[in-house]
Amino acid sequence: EKGGFKHFMLKEIFEQPRTVGDTIKGYISRDYILPFKLREFRRIILLACGTSYHAGLVGSYWISKYLQVPVEVMYASEFRYADIPVDDRDLVIAISQSGETADTRYSALSAKERGATVISLVNVMGSALDRESDYTLYTHAGPEIGVAATKTFTSQLAVLYSLSVSQLPNRDEYMEKLSAVPNMMEEVLGNAENVKKVALKYTNKKNMLYLGRYLSYPVALEGALKLKEISYIHAEGYPAGEMKHGPIALIDENMPVVVVAPKDRVYEKTLSNIEEVLTRKGIVISVGFAGDERLKSMSKDFIGIPSVDEDLSPFLTVIPLQLFAYYIADHLGLDVDQPRNLAKTVTVE
Ligand code: M6R
């Protein structure tokens, strides 16, 4: 049941420190040892839809960095009908919470038929994708009832990070860093009331832009997806550096721009993008490290998260965006757990 929360979505957002912790435990105990060297594949292809696709995008940065294998992330529905050459030198990682998404299943099956090794990353044991893939990595997030994926996203991140570092000699060091994440997520959740206050200022908006660079780019996409699917407010996620190539035309004094700006390798670049937004009188709502006075001074509203190693920032930065969408949708009196036109599992192609 909802455990005292108004909606499953809110309960599931708050469960994340535990579900990420449970997922990490499964991977620390090395219960997933793969009988091949990830580095030996000529390419790793990540296939997924929706939120799982965003997790794949985050994972692709870790895979490039730690495995140094060329990586591609594709929407499963696009991969299926494009002439992508695939053979036994490729590893396909199919990511799906439900394990039943038709596009993800069939694209993975077609890669498998052509000789690729297929690993699935699913939350539901015994699901179709679980059965159809060569290997399965489980996200131990527990059942997710809210149609908007939240806790499964962060568990997918935990598995993708664990996998990316799994065959490195200093794997334990990385896993130790990852193990510190759940407590930090708890801290972020401790700030939920503040996120709510911010969210309630924007309930009458019709459009919002979400920006981020590097690992914060997929987080921006995910924040925008959460907002549109449960609040029905049009939102677009964009790589912050791409803004000047088009979306900047949309910015005026009515446009809230949510910027994900942890202090990472692209921090200064992101701040320059904020300047561009401010010049056009856009309203900046930022998520950054608590105590970041510079970012705060540039923002109409600022949501602080604990400082974290740049690679692990998505675990923390996504939470305020989940909450932001939730509080707006709830304020609008919408059916947060069952948004219109959406199903938890999409078995049509
Ligand atoms: O079960 P899956 O992970 O394959 O589902 C993929 C998408 O349908 C799913 O993530 C969808 O985008 C969610 N409603 C997002 O919150």
# chains A, B, ... in the order shown; residues from 1 in each chain; ligands from 1
>>> residues_near_ligand(ligand="ligand 1", cutoff="6 Å", atoms="only C-alpha atoms and all ligand atoms", output="VMD selection string")
chain A and resid 49 to 52 96 to 99 101 147 to 149 345 to 346
>>> residues_around(residues="Ala111 of chain A", least_positions_apart="4", cutoff="10 Å", atoms="only C-alpha atoms", output="list in words")
Ile45, Phe79, Arg80, Ile84, Pro85, Val86, Asp87, Asp88, Asp90, Leu91, Val92, Tyr106, Ser107, Gly115, Ala116, Thr117 and Val118 of chain A
>>> write_last_selection(atoms="N, CA and C atoms", output="short mmCIF file (atom, residue, chain, number, x, y, z; two decimals), in the first residue's frame")
data_model
loop_
_atom_site.label_atom_id
_atom_site.label_comp_id
_atom_site.auth_asym_id
_atom_site.auth_seq_id
_atom_site.Cartn_x
_atom_site.Cartn_y
_atom_site.Cartn_z
N ILE A 45 25.70 -1.47 -27.33
CA ILE A 45 24.50 -0.74 -27.76
C ILE A 45 23.46 -0.83 -26.65
N PHE A 79 15.80 1.78 -33.30
CA PHE A 79 16.78 0.75 -33.64
C PHE A 79 16.16 -0.30 -34.54
N ARG A 80 14.92 -0.65 -34.22
CA ARG A 80 14.27 -1.77 -34.93
C ARG A 80 14.15 -1.57 -36.42
N ILE A 84 20.91 -0.94 -38.77
CA ILE A 84 22.10 -0.86 -37.94
C ILE A 84 22.85 -2.19 -38.06
N PRO A 85 24.10 -2.16 -38.50
CA PRO A 85 24.82 -3.42 -38.58
C PRO A 85 25.14 -3.95 -37.18
N VAL A 86 24.73 -5.18 -36.94
CA VAL A 86 24.95 -5.79 -35.62
C VAL A 86 25.43 -7.22 -35.85
N ASP A 87 26.42 -7.64 -35.10
CA ASP A 87 26.82 -9.04 -35.18
C ASP A 87 27.40 -9.51 -33.85
N ASP A 88 28.10 -10.63 -33.90
CA ASP A 88 28.55 -11.23 -32.64
C ASP A 88 29.67 -10.48 -31.94
N ASP A 90 29.13 -7.48 -31.01
CA ASP A 90 28.41 -6.43 -30.27
C ASP A 90 27.75 -6.95 -29.00
N LEU A 91 27.72 -6.09 -28.03
CA LEU A 91 26.96 -6.38 -26.82
C LEU A 91 25.76 -5.42 -26.79
N VAL A 92 24.58 -6.00 -26.61
CA VAL A 92 23.39 -5.17 -26.50
C VAL A 92 22.90 -5.21 -25.06
N TYR A 106 11.58 -6.62 -28.91
CA TYR A 106 11.81 -7.06 -30.29
C TYR A 106 13.12 -6.54 -30.85
N SER A 107 13.53 -5.37 -30.40
CA SER A 107 14.82 -4.89 -30.90
C SER A 107 15.94 -5.75 -30.31
N GLY A 115 23.36 -12.39 -33.78
CA GLY A 115 24.58 -12.87 -33.13
C GLY A 115 25.07 -12.06 -31.95
N ALA A 116 24.42 -10.93 -31.68
CA ALA A 116 24.88 -10.10 -30.56
C ALA A 116 24.59 -10.82 -29.23
N THR A 117 25.41 -10.51 -28.24
CA THR A 117 25.13 -10.97 -26.88
C THR A 117 24.16 -9.97 -26.27
N VAL A 118 23.11 -10.47 -25.64
CA VAL A 118 22.12 -9.55 -25.07
C VAL A 118 22.03 -9.68 -23.55
#
>>> residues_around(residues="Glu276 of chain A", least_positions_apart="6", cutoff="12 Å", atoms="only C-alpha atoms", output="ChimeraX atom specification")
/A:240-244,247-249,251-252,257,269-270,282-284,298
>>> write_last_selection(atoms="N, CA, C and O atoms", output="PDB file, in the first residue's frame")
ATOM      1  N   ALA A 240      22.363  21.726 -22.536  1.00  0.00           N
ATOM      2  CA  ALA A 240      22.462  23.178 -22.345  1.00  0.00           C
ATOM      3  C   ALA A 240      23.227  23.855 -23.487  1.00  0.00           C
ATOM      4  O   ALA A 240      22.889  24.958 -23.909  1.00  0.00           O
ATOM      5  N   GLY A 241      24.227  23.172 -24.003  1.00  0.00           N
ATOM      6  CA  GLY A 241      25.047  23.760 -25.065  1.00  0.00           C
ATOM      7  C   GLY A 241      24.316  23.879 -26.392  1.00  0.00           C
ATOM      8  O   GLY A 241      24.762  24.588 -27.300  1.00  0.00           O
ATOM      9  N   GLU A 242      23.221  23.172 -26.538  1.00  0.00           N
ATOM     10  CA  GLU A 242      22.441  23.220 -27.779  1.00  0.00           C
ATOM     11  C   GLU A 242      21.421  24.348 -27.776  1.00  0.00           C
ATOM     12  O   GLU A 242      20.811  24.652 -28.797  1.00  0.00           O
ATOM     13  N   MET A 243      21.236  24.950 -26.610  1.00  0.00           N
ATOM     14  CA  MET A 243      20.184  25.960 -26.487  1.00  0.00           C
ATOM     15  C   MET A 243      20.325  27.063 -27.530  1.00  0.00           C
ATOM     16  O   MET A 243      19.354  27.480 -28.147  1.00  0.00           O
ATOM     17  N   LYS A 244      21.583  27.485 -27.721  1.00  0.00           N
ATOM     18  CA  LYS A 244      21.802  28.597 -28.650  1.00  0.00           C
ATOM     19  C   LYS A 244      21.548  28.203 -30.102  1.00  0.00           C
ATOM     20  O   LYS A 244      21.552  29.041 -30.992  1.00  0.00           O
ATOM     21  N   PRO A 247      16.455  26.531 -29.301  1.00  0.00           N
ATOM     22  CA  PRO A 247      15.485  26.755 -28.221  1.00  0.00           C
ATOM     23  C   PRO A 247      15.599  28.119 -27.545  1.00  0.00           C
ATOM     24  O   PRO A 247      14.634  28.605 -26.964  1.00  0.00           O
ATOM     25  N   ILE A 248      16.737  28.761 -27.682  1.00  0.00           N
ATOM     26  CA  ILE A 248      16.919  30.065 -27.053  1.00  0.00           C
ATOM     27  C   ILE A 248      15.855  31.061 -27.541  1.00  0.00           C
ATOM     28  O   ILE A 248      15.483  31.998 -26.831  1.00  0.00           O
ATOM     29  N   ALA A 249      15.341  30.808 -28.742  1.00  0.00           N
ATOM     30  CA  ALA A 249      14.299  31.679 -29.290  1.00  0.00           C
ATOM     31  C   ALA A 249      13.033  31.654 -28.437  1.00  0.00           C
ATOM     32  O   ALA A 249      12.217  32.564 -28.494  1.00  0.00           O
ATOM     33  N   ILE A 251      12.938  31.691 -25.180  1.00  0.00           N
ATOM     34  CA  ILE A 251      13.103  32.250 -23.840  1.00  0.00           C
ATOM     35  C   ILE A 251      12.652  33.699 -23.740  1.00  0.00           C
ATOM     36  O   ILE A 251      13.075  34.560 -24.511  1.00  0.00           O
ATOM     37  N   ASP A 252      11.756  33.924 -22.805  1.00  0.00           N
ATOM     38  CA  ASP A 252      11.353  35.291 -22.461  1.00  0.00           C
ATOM     39  C   ASP A 252      10.980  35.300 -20.979  1.00  0.00           C
ATOM     40  O   ASP A 252      11.220  34.310 -20.282  1.00  0.00           O
ATOM     41  N   VAL A 257      13.182  28.055 -16.766  1.00  0.00           N
ATOM     42  CA  VAL A 257      14.233  27.184 -17.284  1.00  0.00           C
ATOM     43  C   VAL A 257      14.873  26.472 -16.091  1.00  0.00           C
ATOM     44  O   VAL A 257      15.478  27.107 -15.233  1.00  0.00           O
ATOM     45  N   LYS A 269      30.647  25.997 -17.999  1.00  0.00           N
ATOM     46  CA  LYS A 269      29.933  26.074 -19.283  1.00  0.00           C
ATOM     47  C   LYS A 269      28.420  26.221 -19.028  1.00  0.00           C
ATOM     48  O   LYS A 269      27.725  26.973 -19.705  1.00  0.00           O
ATOM     49  N   THR A 270      27.950  25.483 -18.055  1.00  0.00           N
ATOM     50  CA  THR A 270      26.520  25.549 -17.741  1.00  0.00           C
ATOM     51  C   THR A 270      26.170  26.946 -17.225  1.00  0.00           C
ATOM     52  O   THR A 270      25.128  27.512 -17.572  1.00  0.00           O
ATOM     53  N   GLY A 282      14.789  35.003 -18.989  1.00  0.00           N
ATOM     54  CA  GLY A 282      14.210  33.721 -18.563  1.00  0.00           C
ATOM     55  C   GLY A 282      14.273  33.569 -17.049  1.00  0.00           C
ATOM     56  O   GLY A 282      15.079  34.212 -16.376  1.00  0.00           O
ATOM     57  N   ILE A 283      13.395  32.722 -16.528  1.00  0.00           N
ATOM     58  CA  ILE A 283      13.329  32.494 -15.077  1.00  0.00           C
ATOM     59  C   ILE A 283      14.136  31.244 -14.766  1.00  0.00           C
ATOM     60  O   ILE A 283      13.765  30.142 -15.189  1.00  0.00           O
ATOM     61  N   VAL A 284      15.219  31.388 -14.040  1.00  0.00           N
ATOM     62  CA  VAL A 284      16.087  30.238 -13.794  1.00  0.00           C
ATOM     63  C   VAL A 284      15.772  29.566 -12.459  1.00  0.00           C
ATOM     64  O   VAL A 284      15.763  30.189 -11.405  1.00  0.00           O
ATOM     65  N   MET A 298      22.401  33.566  -9.418  1.00  0.00           N
ATOM     66  CA  MET A 298      21.916  33.669 -10.804  1.00  0.00           C
ATOM     67  C   MET A 298      20.510  33.085 -10.952  1.00  0.00           C
ATOM     68  O   MET A 298      19.938  33.118 -12.036  1.00  0.00           O
TER      69      MET A 298
END
>>> closest_residue(among="A:Thr19, A:Asn254, A:Gln68, A:Asn191", to="Ile319 of chain A", atoms="only C-alpha atoms")
A:Asn191
>>> select_by_dssp(residues="segment 201-263 of chain A", states="strand (DSSP E or B)", output="PyMOL selection string")
chain A and resi 207-212+234-239+256-260
>>> write_last_selection(atoms="all heavy atoms", output="CSV table (one decimal), in the first residue's frame")
chain,number,residue,atom,x,y,z
A,207,ASN,N,4.7,26.1,-20.3
A,207,ASN,CA,5.9,25.5,-20.9
A,207,ASN,C,7.1,25.6,-20.0
A,207,ASN,O,7.2,26.6,-19.2
A,207,ASN,CB,6.3,26.3,-22.2
A,207,ASN,CG,5.3,26.3,-23.2
A,207,ASN,OD1,5.1,25.3,-23.9
A,207,ASN,ND2,4.6,27.4,-23.4
A,208,MET,N,8.0,24.7,-20.0
A,208,MET,CA,9.2,24.8,-19.3
A,208,MET,C,10.4,24.2,-20.1
A,208,MET,O,10.1,23.2,-20.8
A,208,MET,CB,9.2,24.1,-17.9
A,208,MET,CG,8.2,24.8,-17.0
A,208,MET,SD,8.5,24.3,-15.3
A,208,MET,CE,6.9,24.5,-14.6
A,209,LEU,N,11.5,24.7,-19.9
A,209,LEU,CA,12.7,24.1,-20.5
A,209,LEU,C,13.6,23.6,-19.4
A,209,LEU,O,13.7,24.1,-18.4
A,209,LEU,CB,13.4,25.3,-21.2
A,209,LEU,CG,14.3,25.0,-22.4
A,209,LEU,CD1,13.5,24.3,-23.5
A,209,LEU,CD2,14.8,26.4,-23.0
A,210,TYR,N,14.2,22.4,-19.7
A,210,TYR,CA,15.1,21.8,-18.8
A,210,TYR,C,16.5,21.7,-19.5
A,210,TYR,O,16.6,21.1,-20.6
A,210,TYR,CB,14.7,20.4,-18.4
A,210,TYR,CG,13.5,20.3,-17.4
A,210,TYR,CD1,12.3,20.8,-17.8
A,210,TYR,CD2,13.7,19.8,-16.1
A,210,TYR,CE1,11.2,20.7,-16.9
A,210,TYR,CE2,12.6,19.7,-15.2
A,210,TYR,CZ,11.4,20.2,-15.6
A,210,TYR,OH,10.3,20.1,-14.7
A,211,LEU,N,17.5,22.1,-18.8
A,211,LEU,CA,18.9,22.1,-19.4
A,211,LEU,C,19.9,21.4,-18.5
A,211,LEU,O,19.8,21.6,-17.3
A,211,LEU,CB,19.3,23.5,-19.7
A,211,LEU,CG,18.5,24.4,-20.6
A,211,LEU,CD1,19.1,25.8,-20.6
A,211,LEU,CD2,18.3,23.9,-22.0
A,212,GLY,N,20.8,20.8,-19.1
A,212,GLY,CA,22.0,20.2,-18.4
A,212,GLY,C,23.0,19.8,-19.4
A,212,GLY,O,22.7,19.6,-20.6
A,234,HIS,N,3.8,21.3,-20.9
A,234,HIS,CA,4.8,21.1,-22.0
A,234,HIS,C,6.2,21.4,-21.5
A,234,HIS,O,6.4,22.5,-21.0
A,234,HIS,CB,4.5,21.9,-23.2
A,234,HIS,CG,5.6,21.8,-24.2
A,234,HIS,ND1,6.3,22.9,-24.6
A,234,HIS,CD2,6.2,20.7,-24.8
A,234,HIS,CE1,7.3,22.5,-25.5
A,234,HIS,NE2,7.2,21.2,-25.6
A,235,ALA,N,7.0,20.4,-21.6
A,235,ALA,CA,8.4,20.6,-21.1
A,235,ALA,C,9.4,20.0,-22.1
A,235,ALA,O,9.1,18.9,-22.6
A,235,ALA,CB,8.6,20.0,-19.7
A,236,GLU,N,10.5,20.6,-22.2
A,236,GLU,CA,11.5,20.1,-23.1
A,236,GLU,C,12.8,20.0,-22.5
A,236,GLU,O,13.2,21.0,-21.8
A,236,GLU,CB,11.6,21.0,-24.4
A,236,GLU,CG,11.2,20.3,-25.6
A,236,GLU,CD,11.5,21.2,-26.8
A,236,GLU,OE1,10.7,22.2,-27.0
A,236,GLU,OE2,12.3,20.9,-27.6
A,237,GLY,N,13.5,18.9,-22.6
A,237,GLY,CA,14.8,18.8,-22.1
A,237,GLY,C,15.8,19.0,-23.2
A,237,GLY,O,15.6,18.5,-24.3
A,238,TYR,N,16.9,19.6,-22.9
A,238,TYR,CA,17.9,19.9,-23.9
A,238,TYR,C,19.3,19.9,-23.4
A,238,TYR,O,19.5,20.3,-22.2
A,238,TYR,CB,17.6,21.4,-24.5
A,238,TYR,CG,17.3,21.4,-25.9
A,238,TYR,CD1,16.0,21.2,-26.4
A,238,TYR,CD2,18.3,21.6,-26.9
A,238,TYR,CE1,15.7,21.2,-27.7
A,238,TYR,CE2,18.0,21.7,-28.2
A,238,TYR,CZ,16.7,21.4,-28.6
A,238,TYR,OH,16.4,21.4,-30.0
A,239,PRO,N,20.3,19.5,-24.2
A,239,PRO,CA,21.6,19.7,-23.7
A,239,PRO,C,21.9,21.2,-23.7
A,239,PRO,O,21.6,21.9,-24.6
A,239,PRO,CB,22.5,19.1,-24.8
A,239,PRO,CG,21.6,18.5,-25.8
A,239,PRO,CD,20.2,19.0,-25.6
A,256,PRO,N,10.1,29.4,-17.6
A,256,PRO,CA,10.9,28.9,-16.5
A,256,PRO,C,12.0,27.9,-17.2
A,256,PRO,O,11.6,27.1,-18.0
A,256,PRO,CB,10.0,28.1,-15.6
A,256,PRO,CG,8.6,28.5,-16.1
A,256,PRO,CD,8.7,28.9,-17.5
A,257,VAL,N,13.2,28.1,-16.8
A,257,VAL,CA,14.2,27.2,-17.3
A,257,VAL,C,14.9,26.5,-16.1
A,257,VAL,O,15.5,27.1,-15.2
A,257,VAL,CB,15.3,28.0,-18.1
A,257,VAL,CG1,16.4,27.1,-18.6
A,257,VAL,CG2,14.6,28.8,-19.2
A,258,VAL,N,14.7,25.2,-16.1
A,258,VAL,CA,15.2,24.4,-15.0
A,258,VAL,C,16.6,24.0,-15.4
A,258,VAL,O,16.8,23.3,-16.4
A,258,VAL,CB,14.4,23.1,-14.7
A,258,VAL,CG1,15.0,22.3,-13.6
A,258,VAL,CG2,12.9,23.6,-14.4
A,259,VAL,N,17.6,24.4,-14.6
A,259,VAL,CA,19.0,24.0,-15.0
A,259,VAL,C,19.6,23.1,-14.0
A,259,VAL,O,19.6,23.4,-12.8
A,259,VAL,CB,19.9,25.3,-15.1
A,259,VAL,CG1,21.3,25.0,-15.7
A,259,VAL,CG2,19.2,26.3,-16.0
A,260,VAL,N,20.2,22.0,-14.4
A,260,VAL,CA,20.8,21.1,-13.5
A,260,VAL,C,22.3,21.4,-13.6
A,260,VAL,O,23.0,21.2,-14.6
A,260,VAL,CB,20.6,19.6,-14.0
A,260,VAL,CG1,21.1,18.6,-13.0
A,260,VAL,CG2,19.1,19.4,-14.2
>>> closest_residue(among="A:Arg131, A:His245, A:Lys300, A:Lys37", to="Glu100 of chain A", atoms="only C-alpha atoms")
A:Arg131
>>> closest_atom_pairs(of="segment 118-237 of chain A", to="segment 325-338 of chain A", cutoff="12 Å", atoms="only C-alpha atoms", output="tab-separated table")
residue	atom	partner	partner_atom	distance
A:Glu144	CA	A:Asp337	CA	10.3
A:Ile145	CA	A:Asp337	CA	7.4
A:Gly146	CA	A:Asp337	CA	4.5
A:Val147	CA	A:Asp337	CA	5.6
A:Ala148	CA	A:Asp337	CA	7.1
A:Ala149	CA	A:Asp337	CA	10.0
A:Thr150	CA	A:Tyr326	CA	10.7
A:Ala192	CA	A:Tyr327	CA	9.6
A:Glu193	CA	A:Tyr327	CA	9.7
A:Asn194	CA	A:Tyr327	CA	10.9
A:Val195	CA	A:Tyr327	CA	8.3
A:Lys196	CA	A:Tyr327	CA	5.8
A:Lys197	CA	A:Tyr327	CA	8.8
A:Val198	CA	A:Tyr327	CA	9.3
A:Ala199	CA	A:Ile328	CA	5.8
A:Leu200	CA	A:Ile328	CA	6.2
A:Lys201	CA	A:Ile328	CA	8.9
A:Tyr202	CA	A:Ile328	CA	7.4
A:Thr203	CA	A:Ile328	CA	5.5
A:Asn204	CA	A:Leu332	CA	8.9
A:Lys205	CA	A:Ile328	CA	10.0
A:Lys206	CA	A:Ile328	CA	11.9
A:Met208	CA	A:Ala325	CA	11.3
A:Glu222	CA	A:Ala325	CA	10.6
A:Gly223	CA	A:Ala325	CA	7.6
A:Ala224	CA	A:Ala325	CA	8.5
A:Leu225	CA	A:Ala325	CA	9.1
A:Lys226	CA	A:Ala325	CA	5.9
A:Leu227	CA	A:Ala325	CA	4.6
A:Lys228	CA	A:Ala325	CA	8.1
A:Glu229	CA	A:Val336	CA	8.9
A:Ile230	CA	A:Val336	CA	5.6
A:Ser231	CA	A:Ala329	CA	4.3
A:Tyr232	CA	A:Ala329	CA	8.0
A:Ile233	CA	A:Ala329	CA	9.0
A:His234	CA	A:Ala325	CA	11.6
A:Ala235	CA	A:Ala325	CA	10.5
>>> atom_distance(atom1="atom CA of Val124 of chain A", atom2="atom CA of Thr152 of chain A")
10.5 Å
>>> atom_distance(atom1="atom CA of Ile119 of chain A", atom2="atom CA of Glu72 of chain A")
14.7 Å
>>> select_by_dssp(residues="segment 135-185 of chain A", states="helix (DSSP H, G or I)", output="number ranges by chain")
A: 151-165, 171-179, 181-185
>>> residues_around(residues="Tyr27 of chain A", least_positions_apart="2", cutoff="12 Å", atoms="only C-alpha atoms", output="PyMOL selection string")
chain A and resi 20-25+29-34+137-140+155-156+158-166+171-172+174-176+178-179
>>> write_last_selection(atoms="C-alpha atoms", output="PDB file, in the first residue's frame")
ATOM      1  CA  VAL A  20      19.251   1.981  -4.649  1.00  0.00           C
ATOM      2  CA  GLY A  21      20.905   0.501  -1.554  1.00  0.00           C
ATOM      3  CA  ASP A  22      19.285  -2.878  -2.219  1.00  0.00           C
ATOM      4  CA  THR A  23      20.340  -2.780  -5.843  1.00  0.00           C
ATOM      5  CA  ILE A  24      23.925  -1.909  -4.966  1.00  0.00           C
ATOM      6  CA  LYS A  25      24.061  -4.760  -2.452  1.00  0.00           C
ATOM      7  CA  SER A  29      28.216  -9.360  -3.686  1.00  0.00           C
ATOM      8  CA  ARG A  30      29.289 -10.086  -7.258  1.00  0.00           C
ATOM      9  CA  ASP A  31      26.218 -12.169  -7.961  1.00  0.00           C
ATOM     10  CA  TYR A  32      26.309 -11.111 -11.559  1.00  0.00           C
ATOM     11  CA  ILE A  33      29.746 -12.146 -12.729  1.00  0.00           C
ATOM     12  CA  LEU A  34      29.672 -12.278 -16.517  1.00  0.00           C
ATOM     13  CA  LEU A 137      20.867  -7.952 -14.424  1.00  0.00           C
ATOM     14  CA  TYR A 138      18.064  -7.148 -12.002  1.00  0.00           C
ATOM     15  CA  THR A 139      17.254  -3.772 -10.532  1.00  0.00           C
ATOM     16  CA  HIS A 140      16.117  -4.647  -7.037  1.00  0.00           C
ATOM     17  CA  SER A 155      18.162   1.517  -9.621  1.00  0.00           C
ATOM     18  CA  GLN A 156      18.929   1.236 -13.322  1.00  0.00           C
ATOM     19  CA  ALA A 158      23.036   1.776  -9.905  1.00  0.00           C
ATOM     20  CA  VAL A 159      23.259  -1.322 -12.107  1.00  0.00           C
ATOM     21  CA  LEU A 160      24.757   0.551 -15.043  1.00  0.00           C
ATOM     22  CA  TYR A 161      27.397   2.145 -12.851  1.00  0.00           C
ATOM     23  CA  SER A 162      28.199  -1.188 -11.170  1.00  0.00           C
ATOM     24  CA  LEU A 163      28.464  -2.855 -14.553  1.00  0.00           C
ATOM     25  CA  SER A 164      30.706  -0.124 -15.976  1.00  0.00           C
ATOM     26  CA  VAL A 165      33.238  -0.522 -13.165  1.00  0.00           C
ATOM     27  CA  SER A 166      32.721  -4.248 -12.582  1.00  0.00           C
ATOM     28  CA  ARG A 171      36.306  -1.812  -8.747  1.00  0.00           C
ATOM     29  CA  ASP A 172      35.947  -1.925  -4.968  1.00  0.00           C
ATOM     30  CA  TYR A 174      34.198   2.711  -7.094  1.00  0.00           C
ATOM     31  CA  MET A 175      31.641   0.522  -5.398  1.00  0.00           C
ATOM     32  CA  GLU A 176      32.523   2.119  -2.106  1.00  0.00           C
ATOM     33  CA  LEU A 178      28.541   4.255  -4.948  1.00  0.00           C
ATOM     34  CA  SER A 179      27.627   2.836  -1.548  1.00  0.00           C
TER      35      SER A 179
END
>>> atom_distance(atom1="atom CA of Ala48 of chain A", atom2="atom CA of Glu78 of chain A")
9.9 Å
>>> closest_atom_pairs(of="segment 242-332 of chain A", to="segment 214-218 of chain A", cutoff="10 Å", atoms="only C-alpha atoms", output="Markdown table")
| residue | atom | partner | partner_atom | distance |
| --- | --- | --- | --- | --- |
| A:Val259 | CA | A:Ser216 | CA | 8.8 |
| A:Val260 | CA | A:Ser216 | CA | 5.9 |
| A:Ala261 | CA | A:Ser216 | CA | 7.3 |
| A:Pro262 | CA | A:Ser216 | CA | 8.1 |
| A:Asp264 | CA | A:Tyr214 | CA | 8.9 |
| A:Arg265 | CA | A:Tyr214 | CA | 8.4 |
| A:Val266 | CA | A:Tyr214 | CA | 7.1 |
| A:Tyr267 | CA | A:Tyr214 | CA | 9.7 |
| A:Thr270 | CA | A:Tyr214 | CA | 9.9 |
| A:Glu310 | CA | A:Leu215 | CA | 8.3 |
| A:Asp311 | CA | A:Leu215 | CA | 7.4 |
| A:Leu312 | CA | A:Leu215 | CA | 8.7 |
| A:Ser313 | CA | A:Leu215 | CA | 7.5 |
| A:Pro314 | CA | A:Ser216 | CA | 6.5 |
| A:Thr317 | CA | A:Ser216 | CA | 7.7 |
| A:Val318 | CA | A:Ser216 | CA | 8.7 |
>>> closest_residue(among="A:Leu38, A:Ile13, A:Leu316, A:Leu46", to="Asn183 of chain A", atoms="only C-alpha atoms")
A:Leu316
